[in-house]
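Written out below as structure tokens is the structure these notes cover.
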Amino acid sequence: MSTEVSEPASKVDLAPGASGSGEIPQFDITLRVRRYDPEVSEEAYWEDFELTMYGTDRVLDALHKVKWEIDGSLSFRRSCAHGVCGSDAMRINGRNRLACKTLLKDLDTAKPITVEAIKGLPVEKDLIVDMEPFFQSYREIMPFLVAKGHEPSAERYQSPEDRERYDDTTKCILCAACTSSCPVFWTDGQYFGPAAIVNAHRFIFDSRDDAGDMRLEILNDKEGVWRCRTTFNCSEACPRGIQVTKAIAEVKQAVLTRSI
Amino acid sequence: MAATTEFVPPRSGRIDAKYNRVPGRKGNFEMLAWLFMRISGVFLVVLIFGHLITNLLVGDGINGLDFGFVAGKWADPFWQFWDLAMLWLAMLHGTNGVRTIINDYADKDRTRFWLKGILYFATIVIITLGTLVIFTFDPCIPGSPLEICK
Ligand code: HEM
Ligand code: SF4
Ligand code: FES
């Protein structure tokens, strides 16, 4: 990103003044990053970086600029850079978001933009946390199809209506933005967390799956769905727009109707 | 499906022990507690607003509220039952609410243990004393000006 060559002229006719990267507005920002390196110090600290960025840049681009041009020791995860893989959930200006889906121009660039690791999981370095506790809860709800009976020779048929039932929760990319935004999870890390429940929901309400009861039993735990306090932090944090709190409520309902 | 209690969750074994869930008591306690909060809430709306309206709005309103007024109400089994239901539901509802808050905010098991101990002790004392007063209430304290005590 260091060489800002302007794009070749488009073959499409654009209104004058609407093309060319040179005309994208530029602005200066302060990126305030929470740094932590256990090999140097047990103390985490804030570090400010002054950057000149473009109107089309995202927080991820700012992090890249720091890492590639200023301080190579800055550590963060990212893979796809397009909101698909779920690697780069972080706390930006106090809210959990994907750095690759957060445009700088949508933030208040007059103030420093704070970037921290997501909360509630052990920080390993800078913005990288240990995701293992998160994935452990995910694995416990058995996130795979469990179907009884004979293996069909054709597809396992499902009507569009039955597919629609759990459509929302199929969109999860396991970024942990929801679980690490939940105050109940912050307390002691015992709560299964919204993401595990969302992914259980995806199979519980799948007409082809036969282990729904088992998943409901697992989530009827004292650290399961009943710890949800309907704070809605998870729904607000989800970069996929999944209605997480609603999914949790539906699982609560299912546990309840199954028990009585 | 009862066989689910045998389920052993897969573990990578390299994570901080504080995240490992100890398989809790099986049973529906948390579910029933959740349900109780909603059901008692519905009853409390009726009980509390009924209580506030009869005590503060009807008749002389707040000016008519004195020892004699309470004595008069508790002479009637209907209000005895009303207040008893309100006492029990509000106390159990409030106690369970505070129990949840302790679970949500205390992060050490020892802290939780002591806070809950104090909470349950207070609840038992208040429910016992309250129930006792509602049923053994005697309006005729020495020198009572009330009609029925003469
Ligand atoms: C007026 C009627 C009432 C209704 C409809 C009501 C309803 C509720 C409900 C549904 C909850 C559960 C919230 C959750 O699970 O997230 C709750 C929590 C709670 N209630 Fe009530 N309640 C009422 C009266 C009371 C009274 C009189 C007290 C005090 C004695 C009380 C104390 C609490 C406490 C401490 C909590 C826990 C707070 C929390 O979970 O965030 N409530 N209430
Ligand atoms: S539910 Fe949304 S916030 Fe939670 S892990 Fe999935 S994609 Fe991320
Ligand atoms: S880098 Fe893949 S979701 Fe952001």
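By order of appearance in the structure tokens: chains A, B, ..., then residues from 1 within every chain, and ligands from 1 in the order shown.
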Per-residue nearest contacts chain B to ligand 1, cut-off 7 Å, using only C-alpha atoms and all ligand atoms, as a Markdown table:
| residue | atom | partner | partner_atom_place_in_ligand_line | distance |
| --- | --- | --- | --- | --- |
| B:Trp34 | CA | ligand 1 | 15 (O) | 6.2 |
| B:Met37 | CA | ligand 1 | 9 (C) | 5.1 |
| B:Arg38 | CA | ligand 1 | 10 (C) | 4.4 |
| B:Gly41 | CA | ligand 1 | 4 (C) | 3.6 |
| B:Val42 | CA | ligand 1 | 5 (C) | 5.2 |
| B:Leu44 | CA | ligand 1 | 2 (C) | 4.4 |
| B:Val45 | CA | ligand 1 | 2 (C) | 4.1 |
| B:Ile48 | CA | ligand 1 | 1 (C) | 6.3 |
| B:Ala90 | CA | ligand 1 | 30 (C) | 4.6 |
| B:Met91 | CA | ligand 1 | 30 (C) | 5.5 |
| B:His93 | CA | ligand 1 | 32 (C) | 5.9 |
| B:Gly94 | CA | ligand 1 | 32 (C) | 3.9 |
| B:Thr95 | CA | ligand 1 | 35 (C) | 6.6 |
| B:Asn96 | CA | ligand 1 | 37 (C) | 7.0 |
| B:Gly97 | CA | ligand 1 | 37 (C) | 3.2 |
| B:Val98 | CA | ligand 1 | 35 (C) | 4.6 |
| B:Thr100 | CA | ligand 1 | 40 (O) | 6.1 |
| B:Ile101 | CA | ligand 1 | 40 (O) | 6.3 |
- [ ] Would you list the residues that come within 6 Å of ligand 2? Count only C-alpha atoms and all ligand atoms and give the answer as number ranges by chain.
- [x] A: 172-178, 195, 198, 237-240, 242
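Residues of segment 37-110 of chain A carrying a DSSP assignment of strand (DSSP E), computed from the backbone, are A:Tyr45, A:Trp46, A:Glu47, A:Asp48, A:Phe49, A:Glu50, A:Leu51, A:Thr52, A:Met53, A:Tyr54, A:Ala89, A:Met90, A:Arg91, A:Ile92, A:Arg95, A:Asn96, A:Arg97, A:Leu98.
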Serialized selection, C-alpha atoms, as a PDB file, in the first residue's frame:
ATOM      1  CA  TYR A  45      -0.151  -0.031  27.202  1.00  0.00           C
ATOM      2  CA  TRP A  46      -1.667   2.305  24.629  1.00  0.00           C
ATOM      3  CA  GLU A  47       0.378   3.412  21.649  1.00  0.00           C
ATOM      4  CA  ASP A  48      -0.652   6.195  19.275  1.00  0.00           C
ATOM      5  CA  PHE A  49       0.096   6.188  15.546  1.00  0.00           C
ATOM      6  CA  GLU A  50      -0.479   9.273  13.376  1.00  0.00           C
ATOM      7  CA  LEU A  51      -1.554   8.190   9.908  1.00  0.00           C
ATOM      8  CA  THR A  52      -2.804   9.746   6.712  1.00  0.00           C
ATOM      9  CA  MET A  53      -5.567   7.596   5.321  1.00  0.00           C
ATOM     10  CA  TYR A  54      -8.048   7.623   2.445  1.00  0.00           C
ATOM     11  CA  ALA A  89     -12.791  -9.224  15.342  1.00  0.00           C
ATOM     12  CA  MET A  90     -11.512  -6.502  17.645  1.00  0.00           C
ATOM     13  CA  ARG A  91     -12.772  -3.808  19.965  1.00  0.00           C
ATOM     14  CA  ILE A  92     -12.837  -0.601  17.923  1.00  0.00           C
ATOM     15  CA  ARG A  95     -17.392  -1.836  20.181  1.00  0.00           C
ATOM     16  CA  ASN A  96     -16.673  -5.263  18.790  1.00  0.00           C
ATOM     17  CA  ARG A  97     -16.376  -5.195  15.017  1.00  0.00           C
ATOM     18  CA  LEU A  98     -14.369  -6.668  12.171  1.00  0.00           C
TER      19      LEU A  98
END
Would you mind listing, for every residue of chain A within 7 Å of ligand 3, the two atoms forming the shortest contact and the distance between them in Å to one decimal, using only C-alpha atoms and all ligand atoms, sorted by chain and ascending residue number, as a tab-separated table?
residue	atom	partner	partner_atom_place_in_ligand_line	distance
A:Arg78	CA	ligand 3	1 (S)	4.0
A:Ser79	CA	ligand 3	1 (S)	4.4
A:Cys80	CA	ligand 3	2 (Fe)	3.9
A:Ala81	CA	ligand 3	1 (S)	3.6
A:His82	CA	ligand 3	2 (Fe)	5.4
A:Gly83	CA	ligand 3	3 (S)	3.4
A:Val84	CA	ligand 3	3 (S)	4.5
A:Cys85	CA	ligand 3	2 (Fe)	3.8
A:Gly86	CA	ligand 3	3 (S)	3.8
A:Ser87	CA	ligand 3	2 (Fe)	5.0
A:Asp88	CA	ligand 3	4 (Fe)	4.6
A:Ala89	CA	ligand 3	4 (Fe)	6.9
A:Leu98	CA	ligand 3	4 (Fe)	5.4
A:Ala99	CA	ligand 3	4 (Fe)	6.0
A:Cys100	CA	ligand 3	4 (Fe)	4.5
A:Lys101	CA	ligand 3	4 (Fe)	6.7
Which residues come within 10 Å of Gly120 of chain A, counting only C-alpha atoms, excluding same-chain residues fewer than 6 positions away, as an mmCIF file with N, CA and C atoms, in the first residue's frame?
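Output file part-v7.cif follows:
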data_model
loop_
_atom_site.group_PDB
_atom_site.id
_atom_site.type_symbol
_atom_site.label_atom_id
_atom_site.label_comp_id
_atom_site.auth_asym_id
_atom_site.auth_seq_id
_atom_site.Cartn_x
_atom_site.Cartn_y
_atom_site.Cartn_z
ATOM 1 N N VAL A 129 -5.905 -12.888 20.542
ATOM 2 C CA VAL A 129 -6.322 -13.593 21.753
ATOM 3 C C VAL A 129 -6.323 -15.092 21.491
ATOM 4 N N ASP A 130 -6.292 -15.855 22.577
ATOM 5 C CA ASP A 130 -6.406 -17.301 22.476
ATOM 6 C C ASP A 130 -7.879 -17.638 22.276
ATOM 7 N N PRO A 133 -10.747 -21.331 24.178
ATOM 8 C CA PRO A 133 -11.945 -21.482 25.027
ATOM 9 C C PRO A 133 -13.228 -21.269 24.224
ATOM 10 N N PHE A 134 -13.178 -20.345 23.286
ATOM 11 C CA PHE A 134 -14.327 -20.064 22.423
ATOM 12 C C PHE A 134 -14.668 -21.278 21.567
ATOM 13 N N THR A 179 -19.611 -13.393 21.559
ATOM 14 C CA THR A 179 -19.256 -13.978 22.856
ATOM 15 C C THR A 179 -18.371 -13.028 23.653
ATOM 16 N N SER A 180 -17.421 -12.360 22.973
ATOM 17 C CA SER A 180 -16.515 -11.484 23.708
ATOM 18 C C SER A 180 -17.127 -10.102 23.947
ATOM 19 N N SER A 181 -18.392 -9.902 23.586
ATOM 20 C CA SER A 181 -19.064 -8.650 23.942
ATOM 21 C C SER A 181 -20.038 -8.887 25.091
ATOM 22 N N CYS A 182 -20.125 -10.126 25.540
ATOM 23 C CA CYS A 182 -21.149 -10.482 26.538
ATOM 24 C C CYS A 182 -20.603 -10.342 27.957
ATOM 25 N N PRO A 183 -21.222 -9.457 28.772
ATOM 26 C CA PRO A 183 -20.728 -9.243 30.132
ATOM 27 C C PRO A 183 -20.778 -10.508 30.990
ATOM 28 N N VAL A 184 -21.706 -11.402 30.702
ATOM 29 C CA VAL A 184 -21.757 -12.644 31.481
ATOM 30 C C VAL A 184 -20.530 -13.498 31.164
ATOM 31 N N PHE A 185 -20.111 -13.492 29.915
ATOM 32 C CA PHE A 185 -18.903 -14.244 29.546
ATOM 33 C C PHE A 185 -17.651 -13.613 30.169
ATOM 34 N N TRP A 186 -17.622 -12.269 30.226
ATOM 35 C CA TRP A 186 -16.450 -11.590 30.800
ATOM 36 C C TRP A 186 -16.188 -12.022 32.237
ATOM 37 N N THR A 187 -17.282 -12.241 33.001
ATOM 38 C CA THR A 187 -17.111 -12.485 34.432
ATOM 39 C C THR A 187 -16.152 -13.634 34.713
ATOM 40 N N ASP A 188 -16.417 -14.820 34.172
ATOM 41 C CA ASP A 188 -15.547 -15.938 34.525
ATOM 42 C C ASP A 188 -15.294 -16.910 33.372
ATOM 43 N N GLY A 189 -15.806 -16.559 32.181
ATOM 44 C CA GLY A 189 -15.525 -17.415 31.025
ATOM 45 C C GLY A 189 -16.222 -18.766 31.069
#
List as JSON, numbers by chain the protein and nucleic acid residues near segment 212-215 of chain A, meaning an atom at most 12 Å away when only C-alpha atoms are counted, but skip any in the same chain fewer than 3 places from it.
{"A": [137, 138, 139, 140, 141, 142, 143, 144, 145, 146, 147, 148, 196, 197, 198, 199, 200, 201, 202, 203, 204, 205, 206, 207, 208, 209, 218, 219, 220, 221, 224, 225, 251, 252, 254, 255, 256, 257, 258, 259], "B": [1, 2, 3, 4, 5, 6, 7, 9]}
- Message: When DSSP is applied to the backbone of this structure, which of segment 2-87 of chain B are assigned helix (DSSP H, G or I)? Write them out as JSON, numbers by chain.
- Response: {"B": [2, 3, 4, 5, 6, 17, 18, 19, 29, 30, 31, 32, 33, 34, 35, 36, 37, 38, 39, 40, 41, 42, 43, 44, 45, 46, 47, 48, 49, 50, 51, 52, 53, 54, 55, 56, 57, 61, 62, 63, 64, 67, 68, 69, 70, 71, 72, 73, 74, 77, 78, 79, 80, 81, 82, 83, 84, 85, 86, 87]}
